[in-house]
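Novice: This is protein15.cif (mmCIF, N, CA and C atoms).
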```
data_data
#
loop_
_atom_site.label_atom_id
_atom_site.label_comp_id
_atom_site.auth_asym_id
_atom_site.auth_seq_id
_atom_site.Cartn_x
_atom_site.Cartn_y
_atom_site.Cartn_z
N MET V 1 97.37 53.23 98.77
CA MET V 1 97.09 54.56 99.29
C MET V 1 96.85 55.50 98.11
N ASP V 2 95.79 56.29 98.20
CA ASP V 2 95.47 57.23 97.13
C ASP V 2 96.41 58.43 97.16
N ALA V 3 96.71 58.95 95.98
CA ALA V 3 97.51 60.16 95.87
C ALA V 3 96.67 61.34 96.35
N PRO V 4 97.32 62.37 96.88
CA PRO V 4 96.55 63.54 97.33
C PRO V 4 95.90 64.22 96.13
N SER V 5 94.73 64.82 96.38
CA SER V 5 94.09 65.54 95.29
C SER V 5 94.91 66.77 94.94
N LEU V 6 94.80 67.21 93.71
CA LEU V 6 95.51 68.39 93.27
C LEU V 6 95.11 69.60 94.10
N THR V 7 93.81 69.79 94.27
CA THR V 7 93.33 70.94 95.04
C THR V 7 93.87 70.91 96.46
N ALA V 8 93.81 69.78 97.12
CA ALA V 8 94.29 69.68 98.50
C ALA V 8 95.79 69.96 98.58
N ALA V 9 96.55 69.44 97.63
CA ALA V 9 98.00 69.63 97.65
C ALA V 9 98.38 71.09 97.42
N VAL V 10 97.71 71.76 96.48
CA VAL V 10 98.00 73.17 96.21
C VAL V 10 97.57 74.02 97.40
N ARG V 11 96.40 73.73 97.97
CA ARG V 11 95.97 74.47 99.17
C ARG V 11 96.99 74.33 100.29
N ARG V 12 97.44 73.11 100.52
CA ARG V 12 98.42 72.86 101.59
C ARG V 12 99.69 73.68 101.37
N GLU V 13 100.14 73.78 100.14
CA GLU V 13 101.35 74.54 99.83
C GLU V 13 101.14 76.05 99.96
N LEU V 14 100.08 76.57 99.38
CA LEU V 14 99.94 78.02 99.26
C LEU V 14 99.28 78.71 100.44
N LEU V 15 98.27 78.09 101.02
CA LEU V 15 97.49 78.80 102.03
C LEU V 15 98.21 78.93 103.36
N GLU V 16 99.39 78.32 103.50
CA GLU V 16 100.19 78.53 104.71
C GLU V 16 100.89 79.89 104.68
N HIS V 17 100.98 80.51 103.50
CA HIS V 17 101.67 81.79 103.36
C HIS V 17 100.71 82.94 103.67
N PRO V 18 101.21 83.97 104.39
CA PRO V 18 100.36 85.13 104.64
C PRO V 18 99.96 85.80 103.34
N GLN V 19 98.78 86.34 103.32
CA GLN V 19 98.22 87.10 102.21
C GLN V 19 97.87 86.25 100.99
N VAL V 20 98.00 84.94 101.04
CA VAL V 20 97.54 84.11 99.93
C VAL V 20 96.09 83.76 100.19
N THR V 21 95.28 83.98 99.17
CA THR V 21 93.85 83.70 99.28
C THR V 21 93.41 82.76 98.17
N GLU V 22 92.27 82.16 98.40
CA GLU V 22 91.64 81.26 97.44
C GLU V 22 90.26 81.82 97.12
N GLY V 23 89.86 81.73 95.86
CA GLY V 23 88.54 82.19 95.48
C GLY V 23 88.06 81.48 94.24
N ALA V 24 86.87 81.84 93.82
CA ALA V 24 86.30 81.27 92.60
C ALA V 24 86.92 81.97 91.40
N HIS V 25 87.34 81.18 90.41
CA HIS V 25 87.89 81.75 89.19
C HIS V 25 86.74 82.18 88.29
N ARG V 26 86.93 83.24 87.53
CA ARG V 26 85.85 83.80 86.72
C ARG V 26 85.36 82.84 85.64
N PHE V 27 86.18 81.88 85.22
CA PHE V 27 85.75 80.90 84.22
C PHE V 27 85.50 79.52 84.84
N GLY V 28 85.33 79.46 86.14
CA GLY V 28 85.13 78.20 86.84
C GLY V 28 86.44 77.74 87.45
N GLY V 29 86.36 76.91 88.45
CA GLY V 29 87.56 76.44 89.13
C GLY V 29 87.93 77.33 90.30
N ILE V 30 89.18 77.19 90.75
CA ILE V 30 89.68 77.89 91.93
C ILE V 30 90.89 78.71 91.54
N VAL V 31 90.93 79.96 92.00
CA VAL V 31 92.07 80.84 91.76
C VAL V 31 92.79 81.10 93.08
N PHE V 32 94.11 81.17 93.02
CA PHE V 32 94.94 81.49 94.18
C PHE V 32 95.63 82.81 93.89
N ARG V 33 95.64 83.70 94.90
CA ARG V 33 96.24 85.02 94.74
C ARG V 33 97.14 85.36 95.92
N LEU V 34 98.16 86.15 95.62
CA LEU V 34 98.96 86.79 96.65
C LEU V 34 98.60 88.26 96.55
N GLY V 35 97.83 88.75 97.51
CA GLY V 35 97.25 90.09 97.37
C GLY V 35 96.34 90.08 96.16
N ARG V 36 96.60 90.96 95.20
CA ARG V 36 95.80 90.99 93.98
C ARG V 36 96.44 90.22 92.83
N ARG V 37 97.63 89.72 93.02
CA ARG V 37 98.36 89.02 91.95
C ARG V 37 97.91 87.55 91.87
N GLU V 38 97.50 87.15 90.70
CA GLU V 38 97.12 85.75 90.53
C GLU V 38 98.36 84.88 90.48
N LEU V 39 98.37 83.83 91.31
CA LEU V 39 99.44 82.84 91.30
C LEU V 39 99.15 81.73 90.31
N GLY V 40 97.89 81.53 90.02
CA GLY V 40 97.45 80.49 89.10
C GLY V 40 96.05 80.04 89.48
N HIS V 41 95.51 79.17 88.66
CA HIS V 41 94.18 78.65 88.95
C HIS V 41 94.08 77.19 88.52
N LEU V 42 93.11 76.50 89.13
CA LEU V 42 92.87 75.09 88.84
C LEU V 42 91.53 74.93 88.16
N HIS V 43 91.51 74.04 87.18
CA HIS V 43 90.26 73.63 86.55
C HIS V 43 89.98 72.23 87.08
N GLY V 44 89.28 72.17 88.18
CA GLY V 44 89.01 70.89 88.83
C GLY V 44 90.30 70.21 89.26
N GLU V 45 90.34 68.91 89.09
CA GLU V 45 91.51 68.11 89.48
C GLU V 45 92.37 67.74 88.28
N THR V 46 92.15 68.43 87.14
CA THR V 46 92.81 67.97 85.92
C THR V 46 93.80 68.94 85.28
N VAL V 47 93.64 70.25 85.47
CA VAL V 47 94.49 71.23 84.80
C VAL V 47 94.80 72.40 85.72
N ALA V 48 96.06 72.85 85.66
CA ALA V 48 96.49 74.07 86.34
C ALA V 48 97.02 75.04 85.30
N ASP V 49 96.66 76.31 85.44
CA ASP V 49 97.17 77.39 84.60
C ASP V 49 97.88 78.38 85.50
N LEU V 50 99.10 78.77 85.10
CA LEU V 50 99.91 79.67 85.93
C LEU V 50 100.59 80.73 85.06
N PRO V 51 100.71 81.98 85.58
CA PRO V 51 101.41 83.04 84.85
C PRO V 51 102.87 83.13 85.29
N PHE V 52 103.74 83.38 84.33
CA PHE V 52 105.17 83.61 84.61
C PHE V 52 105.68 84.66 83.64
N PRO V 53 106.77 85.35 83.99
CA PRO V 53 107.37 86.26 83.02
C PRO V 53 107.82 85.46 81.80
N PRO V 54 107.87 86.08 80.64
CA PRO V 54 108.17 85.34 79.41
C PRO V 54 109.44 84.48 79.45
N HIS V 55 110.52 84.96 80.06
CA HIS V 55 111.75 84.16 80.05
C HIS V 55 111.62 82.91 80.92
N ILE V 56 110.86 82.97 82.01
CA ILE V 56 110.64 81.77 82.83
C ILE V 56 109.67 80.85 82.13
N ARG V 57 108.60 81.42 81.58
CA ARG V 57 107.62 80.62 80.82
C ARG V 57 108.31 79.86 79.70
N ASP V 58 109.20 80.54 78.97
CA ASP V 58 109.89 79.89 77.86
C ASP V 58 110.75 78.72 78.33
N GLU V 59 111.45 78.88 79.47
CA GLU V 59 112.25 77.77 80.00
C GLU V 59 111.37 76.61 80.42
N LEU V 60 110.24 76.91 81.07
CA LEU V 60 109.34 75.84 81.50
C LEU V 60 108.77 75.09 80.30
N VAL V 61 108.36 75.82 79.26
CA VAL V 61 107.81 75.18 78.06
C VAL V 61 108.90 74.35 77.37
N ALA V 62 110.11 74.91 77.25
CA ALA V 62 111.21 74.20 76.59
C ALA V 62 111.57 72.91 77.33
N SER V 63 111.36 72.88 78.64
CA SER V 63 111.67 71.69 79.43
C SER V 63 110.69 70.55 79.15
N GLY V 64 109.54 70.87 78.58
CA GLY V 64 108.52 69.86 78.32
C GLY V 64 107.62 69.57 79.51
N ARG V 65 107.82 70.27 80.61
CA ARG V 65 107.03 70.03 81.82
C ARG V 65 105.67 70.72 81.80
N VAL V 66 105.51 71.72 80.92
CA VAL V 66 104.26 72.45 80.78
C VAL V 66 103.99 72.68 79.31
N SER V 67 102.77 73.09 79.03
CA SER V 67 102.38 73.50 77.68
C SER V 67 102.12 75.00 77.70
N PRO V 68 102.31 75.65 76.56
CA PRO V 68 101.91 77.07 76.52
C PRO V 68 100.42 77.15 76.82
N GLY V 69 100.02 78.16 77.53
CA GLY V 69 98.61 78.29 77.90
C GLY V 69 97.98 79.54 77.35
N HIS V 70 96.67 79.63 77.46
CA HIS V 70 95.89 80.82 77.11
C HIS V 70 96.16 81.34 75.70
N GLY V 71 96.03 80.49 74.74
CA GLY V 71 96.14 80.92 73.34
C GLY V 71 97.52 81.42 72.98
N ASP V 72 97.61 82.67 72.58
CA ASP V 72 98.89 83.20 72.13
C ASP V 72 99.62 83.99 73.22
N SER V 73 99.21 83.85 74.46
CA SER V 73 99.86 84.55 75.56
C SER V 73 101.32 84.11 75.72
N ASP V 74 102.19 85.07 75.99
CA ASP V 74 103.59 84.72 76.22
C ASP V 74 103.90 84.62 77.71
N THR V 75 102.86 84.58 78.55
CA THR V 75 103.08 84.52 79.99
C THR V 75 102.45 83.33 80.69
N TRP V 76 101.47 82.68 80.12
CA TRP V 76 100.75 81.61 80.81
C TRP V 76 101.25 80.23 80.37
N VAL V 77 101.22 79.31 81.33
CA VAL V 77 101.51 77.90 81.06
C VAL V 77 100.37 77.06 81.61
N SER V 78 100.22 75.86 81.06
CA SER V 78 99.22 74.90 81.53
C SER V 78 99.90 73.58 81.82
N ARG V 79 99.39 72.89 82.82
CA ARG V 79 99.90 71.56 83.15
C ARG V 79 98.72 70.68 83.49
N SER V 80 98.64 69.54 82.84
CA SER V 80 97.57 68.57 83.07
C SER V 80 98.02 67.52 84.06
N VAL V 81 97.04 66.93 84.74
CA VAL V 81 97.30 65.81 85.63
C VAL V 81 97.01 64.53 84.85
N ASN V 82 98.07 63.77 84.60
CA ASN V 82 97.93 62.50 83.90
C ASN V 82 98.24 61.32 84.79
N GLY V 83 98.77 61.59 85.97
CA GLY V 83 99.12 60.53 86.91
C GLY V 83 99.48 61.14 88.25
N PRO V 84 99.67 60.29 89.28
CA PRO V 84 99.92 60.78 90.63
C PRO V 84 101.16 61.67 90.76
N GLY V 85 102.19 61.42 89.99
CA GLY V 85 103.40 62.23 90.08
C GLY V 85 103.21 63.65 89.59
N ASP V 86 102.20 63.88 88.79
CA ASP V 86 101.95 65.21 88.26
C ASP V 86 101.52 66.21 89.33
N VAL V 87 100.87 65.71 90.38
CA VAL V 87 100.40 66.61 91.44
C VAL V 87 101.57 67.34 92.08
N GLU V 88 102.63 66.63 92.47
CA GLU V 88 103.78 67.28 93.10
C GLU V 88 104.46 68.24 92.13
N GLN V 89 104.50 67.91 90.86
CA GLN V 89 105.11 68.82 89.89
C GLN V 89 104.29 70.09 89.74
N ILE V 90 102.98 70.00 89.80
CA ILE V 90 102.13 71.19 89.74
C ILE V 90 102.29 72.01 91.02
N VAL V 91 102.39 71.35 92.16
CA VAL V 91 102.64 72.06 93.41
C VAL V 91 103.95 72.84 93.30
N GLU V 92 104.98 72.24 92.72
CA GLU V 92 106.27 72.92 92.54
C GLU V 92 106.11 74.15 91.64
N LEU V 93 105.27 74.06 90.62
CA LEU V 93 105.02 75.22 89.77
C LEU V 93 104.31 76.33 90.55
N PHE V 94 103.35 75.97 91.38
CA PHE V 94 102.69 76.97 92.22
C PHE V 94 103.68 77.58 93.22
N ARG V 95 104.60 76.77 93.73
CA ARG V 95 105.64 77.27 94.63
C ARG V 95 106.50 78.31 93.90
N LEU V 96 106.87 78.01 92.66
CA LEU V 96 107.64 78.94 91.85
C LEU V 96 106.84 80.23 91.61
N SER V 97 105.57 80.10 91.29
CA SER V 97 104.73 81.26 91.06
C SER V 97 104.64 82.12 92.32
N TYR V 98 104.47 81.47 93.47
CA TYR V 98 104.41 82.21 94.74
C TYR V 98 105.74 82.93 95.01
N GLU V 99 106.85 82.23 94.85
CA GLU V 99 108.16 82.84 95.12
C GLU V 99 108.38 84.05 94.21
N TYR V 100 108.01 83.94 92.96
CA TYR V 100 108.15 85.06 92.04
C TYR V 100 107.27 86.23 92.46
N ALA V 101 106.00 85.97 92.75
CA ALA V 101 105.08 87.03 93.14
C ALA V 101 105.50 87.68 94.46
N ALA V 102 105.97 86.89 95.41
CA ALA V 102 106.41 87.43 96.70
C ALA V 102 107.63 88.33 96.50
N ALA V 103 108.57 87.90 95.67
CA ALA V 103 109.76 88.72 95.40
C ALA V 103 109.37 90.01 94.68
N ALA V 104 108.45 89.92 93.74
CA ALA V 104 108.00 91.11 93.02
C ALA V 104 107.30 92.08 93.97
N ALA V 105 106.51 91.55 94.89
CA ALA V 105 105.82 92.41 95.86
C ALA V 105 106.81 93.10 96.79
N ARG V 106 107.88 92.41 97.17
CA ARG V 106 108.90 93.04 98.01
C ARG V 106 109.62 94.15 97.26
N GLU V 107 109.84 93.94 95.95
CA GLU V 107 110.52 94.94 95.15
C GLU V 107 109.65 96.17 94.92
N ASP V 108 108.34 95.98 94.77
CA ASP V 108 107.43 97.08 94.50
C ASP V 108 106.11 96.83 95.24
N PRO V 109 106.07 97.11 96.56
CA PRO V 109 104.89 96.78 97.35
C PRO V 109 103.64 97.57 96.95
N ASP V 110 103.79 98.66 96.19
CA ASP V 110 102.63 99.44 95.77
C ASP V 110 102.07 99.00 94.43
N GLU V 111 102.70 98.01 93.80
CA GLU V 111 102.27 97.52 92.49
C GLU V 111 100.84 97.00 92.62
N GLU V 112 99.96 97.41 91.71
CA GLU V 112 98.55 97.03 91.79
C GLU V 112 98.11 96.10 90.66
N ASP V 113 99.02 95.68 89.78
CA ASP V 113 98.61 94.82 88.68
C ASP V 113 98.08 93.50 89.19
N ASP V 114 97.07 92.97 88.51
CA ASP V 114 96.48 91.69 88.87
C ASP V 114 97.35 90.52 88.45
N ASP V 115 98.25 90.73 87.54
CA ASP V 115 99.03 89.65 86.96
C ASP V 115 100.44 89.63 87.56
N ALA V 116 100.86 88.51 88.09
CA ALA V 116 102.19 88.42 88.70
C ALA V 116 103.29 88.77 87.72
N THR V 117 103.05 88.58 86.45
CA THR V 117 104.10 88.81 85.46
C THR V 117 104.38 90.28 85.23
N ALA V 118 103.49 91.17 85.65
CA ALA V 118 103.67 92.59 85.37
C ALA V 118 104.49 93.30 86.44
N ALA V 119 104.76 92.67 87.57
CA ALA V 119 105.36 93.35 88.72
C ALA V 119 106.86 93.57 88.60
N ALA V 120 107.55 92.65 88.01
CA ALA V 120 109.02 92.75 87.93
C ALA V 120 109.50 91.93 86.76
N ASP V 121 110.75 92.09 86.39
CA ASP V 121 111.25 91.33 85.25
C ASP V 121 111.73 89.94 85.62
N GLY V 122 111.79 89.63 86.92
CA GLY V 122 112.16 88.28 87.35
C GLY V 122 113.62 87.96 87.19
N GLN V 123 114.45 88.90 86.79
CA GLN V 123 115.86 88.62 86.58
C GLN V 123 116.64 88.63 87.88
N GLY V 124 116.10 89.30 88.92
CA GLY V 124 116.82 89.40 90.19
C GLY V 124 116.82 88.09 90.94
N GLY V 125 117.58 88.04 92.03
CA GLY V 125 117.57 86.88 92.89
C GLY V 125 118.66 85.89 92.62
N GLY V 126 119.35 86.02 91.50
CA GLY V 126 120.53 85.21 91.21
C GLY V 126 120.36 83.74 91.49
N ALA V 127 121.19 83.23 92.40
CA ALA V 127 121.23 81.79 92.70
C ALA V 127 119.91 81.29 93.26
N ARG V 128 119.24 82.11 94.06
CA ARG V 128 117.96 81.69 94.63
C ARG V 128 116.95 81.40 93.53
N TRP V 129 116.83 82.31 92.54
CA TRP V 129 115.91 82.09 91.43
C TRP V 129 116.29 80.88 90.61
N ARG V 130 117.58 80.70 90.36
CA ARG V 130 118.03 79.54 89.59
C ARG V 130 117.63 78.26 90.32
N GLY V 131 117.77 78.25 91.64
CA GLY V 131 117.39 77.07 92.42
C GLY V 131 115.90 76.78 92.35
N ILE V 132 115.09 77.82 92.47
CA ILE V 132 113.64 77.65 92.40
C ILE V 132 113.23 77.16 91.02
N LEU V 133 113.78 77.79 89.99
CA LEU V 133 113.45 77.37 88.63
C LEU V 133 113.96 75.96 88.35
N SER V 134 115.15 75.63 88.85
CA SER V 134 115.69 74.30 88.65
C SER V 134 114.79 73.24 89.27
N ARG V 135 114.24 73.50 90.46
CA ARG V 135 113.33 72.55 91.09
C ARG V 135 112.07 72.37 90.26
N ALA V 136 111.58 73.45 89.65
CA ALA V 136 110.39 73.33 88.82
C ALA V 136 110.69 72.55 87.55
N LEU V 137 111.89 72.72 87.01
CA LEU V 137 112.28 72.02 85.79
C LEU V 137 112.66 70.58 86.05
N HIS V 138 113.19 70.30 87.25
CA HIS V 138 113.68 68.96 87.62
C HIS V 138 113.07 68.58 88.96
N PRO V 139 111.78 68.25 89.00
CA PRO V 139 111.06 68.10 90.25
C PRO V 139 111.50 66.95 91.15
N GLY V 140 112.26 66.01 90.67
CA GLY V 140 112.68 64.90 91.51
C GLY V 140 113.84 65.21 92.43
N ARG V 141 114.47 66.35 92.25
CA ARG V 141 115.65 66.70 93.03
C ARG V 141 115.27 67.17 94.42
N SER V 142 116.17 67.01 95.35
CA SER V 142 115.96 67.40 96.74
C SER V 142 115.85 68.91 96.88
N ARG V 143 115.01 69.34 97.83
CA ARG V 143 114.89 70.77 98.14
C ARG V 143 115.86 71.16 99.25
N SER V 144 116.55 70.22 99.87
CA SER V 144 117.42 70.54 100.99
C SER V 144 118.58 71.40 100.51
N GLY V 145 118.98 72.32 101.37
CA GLY V 145 120.11 73.19 101.06
C GLY V 145 119.78 74.30 100.10
N SER V 146 118.50 74.48 99.75
CA SER V 146 118.14 75.51 98.78
C SER V 146 117.46 76.70 99.42
N SER V 147 117.53 76.83 100.74
CA SER V 147 116.82 77.91 101.39
C SER V 147 117.66 79.13 101.66
N SER V 148 118.84 79.23 101.10
CA SER V 148 119.68 80.39 101.34
C SER V 148 119.24 81.60 100.57
#
```
Would you put the structure from the file into structure tokens?
Specialist:
Amino acid sequence: MDAPSLTAAVRRELLEHPQVTEGAHRFGGIVFRLGRRELGHLHGETVADLPFPPHIRDELVASGRVSPGHGDSDTWVSRSVNGPGDVEQIVELFRLSYEYAAAAAREDPDEEDDDATAAADGQGGGARWRGILSRALHPGRSRSGSSS
């Protein structure tokens, strides 16, 4: 059985949420947004780029699950698809990006920045944020019991 395509898996995860849209990325590929905030974009079936606040980006990079992205940016990460297991890990990163952007939008619904990283500092949410980040850092763990 073939693994799901990256694009199909990300669409399945994100487009079920209200206000998430898909469009053409300005440098090619597909971009996903929550309102005007970019959740990330795909370069075909091989690379995903996602924005995070610097402290989350640093944890993701330190875990070895992503590479720093966009040159010297302290907010973007990149993840390549090297095998079938990478698709679910990228979906988990998009899930984290969505959760962050949704929380930031709830905190400041009038925020108009295009970048999810500009909306809030991401420090809020306590145990919920730790759980979301932990799943992104350790993708093989169960999601059950983490919806509180």
Novice: Translate the PyMOL selection byres (((chain V and resi 58 and name CA) around 10) and name CA) into a concrete residue list for this structure, as a list of chain:residue names.
Specialist: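 So the PyMOL selection byres (((chain V and resi 58 and name CA) around 10) and name CA), applied here, picks out V:Phe52, V:Pro53, V:Pro54, V:His55, V:Ile56, V:Arg57, V:Glu59, V:Leu60, V:Val61, V:Ala62, V:Ser63, V:Val66, V:Ser67, V:Pro68, V:Asp74, V:Thr75, V:Trp76, V:Val77.
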Novice: Written as a list in words, which residues does the PyMOL selection byres (((chain V and resi 32 and name CA) around 8) and name CA) give for the file shown?
Specialist: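 Taken on the displayed file, the PyMOL selection byres (((chain V and resi 32 and name CA) around 8) and name CA) yields the residues Leu14, Val20, Thr21, Glu22, Gly23, Ile30, Val31, Arg33, Leu34, Glu38, Leu39, Gly40 and His41 of chain V.
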Novice: For the residues in that selection, give me N, CA and C atoms as a PDB file, keeping the file's coordinate frame.
Specialist:
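The result, written out as part_39.pdb:
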```pdb
ATOM      1  N   LEU V  14     100.080  76.570  99.380  1.00  0.00           N
ATOM      2  CA  LEU V  14      99.940  78.020  99.260  1.00  0.00           C
ATOM      3  C   LEU V  14      99.280  78.710 100.440  1.00  0.00           C
ATOM      4  N   VAL V  20      98.000  84.940 101.040  1.00  0.00           N
ATOM      5  CA  VAL V  20      97.540  84.110  99.930  1.00  0.00           C
ATOM      6  C   VAL V  20      96.090  83.760 100.190  1.00  0.00           C
ATOM      7  N   THR V  21      95.280  83.980  99.170  1.00  0.00           N
ATOM      8  CA  THR V  21      93.850  83.700  99.280  1.00  0.00           C
ATOM      9  C   THR V  21      93.410  82.760  98.170  1.00  0.00           C
ATOM     10  N   GLU V  22      92.270  82.160  98.400  1.00  0.00           N
ATOM     11  CA  GLU V  22      91.640  81.260  97.440  1.00  0.00           C
ATOM     12  C   GLU V  22      90.260  81.820  97.120  1.00  0.00           C
ATOM     13  N   GLY V  23      89.860  81.730  95.860  1.00  0.00           N
ATOM     14  CA  GLY V  23      88.540  82.190  95.480  1.00  0.00           C
ATOM     15  C   GLY V  23      88.060  81.480  94.240  1.00  0.00           C
ATOM     16  N   ILE V  30      89.180  77.190  90.750  1.00  0.00           N
ATOM     17  CA  ILE V  30      89.680  77.890  91.930  1.00  0.00           C
ATOM     18  C   ILE V  30      90.890  78.710  91.540  1.00  0.00           C
ATOM     19  N   VAL V  31      90.930  79.960  92.000  1.00  0.00           N
ATOM     20  CA  VAL V  31      92.070  80.840  91.760  1.00  0.00           C
ATOM     21  C   VAL V  31      92.790  81.100  93.080  1.00  0.00           C
ATOM     22  N   ARG V  33      95.640  83.700  94.900  1.00  0.00           N
ATOM     23  CA  ARG V  33      96.240  85.020  94.740  1.00  0.00           C
ATOM     24  C   ARG V  33      97.140  85.360  95.920  1.00  0.00           C
ATOM     25  N   LEU V  34      98.160  86.150  95.620  1.00  0.00           N
ATOM     26  CA  LEU V  34      98.960  86.790  96.650  1.00  0.00           C
ATOM     27  C   LEU V  34      98.600  88.260  96.550  1.00  0.00           C
ATOM     28  N   GLU V  38      97.500  87.150  90.700  1.00  0.00           N
ATOM     29  CA  GLU V  38      97.120  85.750  90.530  1.00  0.00           C
ATOM     30  C   GLU V  38      98.360  84.880  90.480  1.00  0.00           C
ATOM     31  N   LEU V  39      98.370  83.830  91.310  1.00  0.00           N
ATOM     32  CA  LEU V  39      99.440  82.840  91.300  1.00  0.00           C
ATOM     33  C   LEU V  39      99.150  81.730  90.310  1.00  0.00           C
ATOM     34  N   GLY V  40      97.890  81.530  90.020  1.00  0.00           N
ATOM     35  CA  GLY V  40      97.450  80.490  89.100  1.00  0.00           C
ATOM     36  C   GLY V  40      96.050  80.040  89.480  1.00  0.00           C
ATOM     37  N   HIS V  41      95.510  79.170  88.660  1.00  0.00           N
ATOM     38  CA  HIS V  41      94.180  78.650  88.950  1.00  0.00           C
ATOM     39  C   HIS V  41      94.080  77.190  88.520  1.00  0.00           C
TER      40      HIS V  41
END
```
Novice: Check the DSSP output for the backbone and give back, as a list of chain:residue names, the residues of range 19-77 of chain V in strand (DSSP E or B).
Specialist: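 Filtering range 19-77 of chain V down to strand (DSSP E or B) leaves V:Val20, V:Thr21, V:Glu22, V:Gly23, V:Ala24, V:Ile30, V:Val31, V:Phe32, V:Arg33, V:Leu34, V:Arg37, V:Glu38, V:Leu39, V:Gly40, V:His41, V:Leu42, V:His43, V:Val47, V:Ala48, V:Asp49, V:Leu50, V:Pro51, V:Ser67, V:Pro68, V:Trp76, V:Val77.
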Novice: Enter the distance from CA of Gly28 in chain V to CA of Ala101 in chain V, in Å, rounded to one decimal.
Specialist: 22.7 Å
Novice: Return the single residue from V:Ala24, V:Gly64, V:Leu96, V:Leu6 that is closest to Glu45 in chain V, with distances computed using all atoms listed in the file.
Specialist: V:Leu6
